[in-house]
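Right, one structure below, let's go through it.
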Amino acid sequence: MKKQIVKTLALVAGSFALISMTIVKTNQNDPWEVPEKYRTMKNPYSNVKDSEKIGYTLYTQYCSTCHGENGEGDGINSYLLETPVAKFTEESIQSQPDGSFFYKIFTGRNEMPGFEYIIPVEEDRWMVVNYVKSLK
Ligand code: HEC
């Protein structure tokens with residue numbers, strides 16, 4: 001009887017893992033589509049000076065381990081990933097609208113974690129976007 005319960009639980013856990021993997025995993029070679037709403041979103045903080053260095057602080061804490069201190073895609077964890085880490089020094093990355101960065105940073109995909117819950121404050125989020133934009 002007990003064995004049966006354990007087996008069932010293992011099966012349930014296993015299928016959950018499988019479901020979540022199929023949802024999160026998209027082909028990294030596919031273009032990363034950004035919904036229109038975000039592509040055209042205006043950055044309300046584009047001209048705001050980050051005197052408290054919020055963008056820098058959050059970037060150093062949460063992003064540089066993969067993207068590198070200067071955004072070269074060479075952070076210490078980048079070597080452990082299967083997906084090439086985006087380089088913020090590249091024009092092809094920098095030419096995107098601010099709203100696309102906003103979407104990608106807070107949604108994530110594959111090995112790029114979504115920061116929706118880790119950085120919940122709207123102003124802080126845009127400060128991170130501004131900081132990433134400044135790395136070109
Ligand atoms: C665990 C490693 C990791 C961390 C931590 C991480 N990223 Fe990423 N990031 C990635 C990878 C890998 C990609 C490429 C994902 C893809 O193309 O599927 C990526 C992609 C991106 C992109 C999209 C670039 C493009 O292709 O247009 C942006 C913007 C970005 N990251 C910003 C950030 C910011 C800002 C933070 C911190 C708040 C952060 N990332 C933290 C690994 C990471």
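The way I read the labels, and the way they are meant: chains A, B, ... in the order of the structure tokens, residue 1 as the first residue of every chain, and ligand 1 as the first ligand shown, with later ones counted on from there.
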
Task: Near-A:Ser64 list (12 Å; only C-alpha atoms; drop same-chain fewer than 2 positions) as a VMD selection string - done: chain A and resid 55 to 62 66 to 78 85 to 88 128 131 to 132 135

Task: Cut-off 6 Å, only C-alpha atoms and all ligand atoms, neighbours of ligand 1 as a PyMOL selection string - done: chain A and resi 28+59+62-63+65-66+83-86+93+101+104-105+109-113+128

If you keep C-alpha atoms, can you produce a file of those selected residues as a PDB file, in the first residue's frame?
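Output file part03.pdb follows:
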ATOM      1  CA  GLN A  28      17.274  29.384 -28.229  1.00  0.00           C
ATOM      2  CA  TYR A  59      22.862  44.751 -12.148  1.00  0.00           C
ATOM      3  CA  TYR A  62      21.686  39.891 -10.144  1.00  0.00           C
ATOM      4  CA  CYS A  63      23.031  40.107 -13.687  1.00  0.00           C
ATOM      5  CA  THR A  65      27.358  36.733 -12.757  1.00  0.00           C
ATOM      6  CA  CYS A  66      26.179  35.773 -16.250  1.00  0.00           C
ATOM      7  CA  THR A  83      22.781  29.313 -24.101  1.00  0.00           C
ATOM      8  CA  PRO A  84      25.172  32.028 -25.223  1.00  0.00           C
ATOM      9  CA  VAL A  85      24.710  34.984 -22.866  1.00  0.00           C
ATOM     10  CA  ALA A  86      23.706  38.216 -24.526  1.00  0.00           C
ATOM     11  CA  ILE A  93      21.253  43.940 -28.841  1.00  0.00           C
ATOM     12  CA  PHE A 101      14.550  44.945 -22.689  1.00  0.00           C
ATOM     13  CA  LYS A 104      12.868  40.177 -21.714  1.00  0.00           C
ATOM     14  CA  ILE A 105      14.399  40.963 -18.314  1.00  0.00           C
ATOM     15  CA  ARG A 109      13.306  32.400 -21.202  1.00  0.00           C
ATOM     16  CA  ASN A 110      15.448  29.275 -21.089  1.00  0.00           C
ATOM     17  CA  GLU A 111      18.541  30.067 -19.039  1.00  0.00           C
ATOM     18  CA  MET A 112      17.732  33.749 -18.723  1.00  0.00           C
ATOM     19  CA  PRO A 113      15.760  33.946 -15.462  1.00  0.00           C
ATOM     20  CA  VAL A 128      18.086  48.285 -14.593  1.00  0.00           C
TER      21      VAL A 128
END

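Between atom CA of A:Phe106 and atom CA of A:Leu80 the interatomic distance comes to 21.8 Å.
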
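Interatomic distance, atom CA of A:Pro35 against atom CA of A:Ser100: 8.4 Å.
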
Open item on the list: Nearest residue to A:Lys37 out of A:Met127, A:Pro97, A:Glu52, A:Tyr79, using only C-alpha atoms?
Closed with: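 With only C-alpha atoms as the atom set, the closest residue is A:Pro97.
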
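Between atom CA of A:Trp32 and atom CA of A:Tyr103 the interatomic distance comes to 10.4 Å.
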
Open item on the list: Counting only C-alpha atoms, which residue out of A:Asp124, A:Asp98, A:Glu116, A:Gly108 sits closest to A:Asn43?
Closed with: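 Counting only C-alpha atoms, the residue closest to A:Asn43 is A:Asp98.
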
Task: Residue with smallest distance to A:Glu91 - pool A:Gln4, A:Tyr38, A:Lys133, A:Val48, counting only C-alpha atoms - done: A:Lys133

TODO: Enumerate as number ranges by chain all residues of stretch 35-78 of chain A assigned to helix (DSSP H, G or I) by DSSP on the backbone, naming them with the chain letters and numbers the document uses.
DONE: A: 36-39, 54-62, 64-67, 76-78
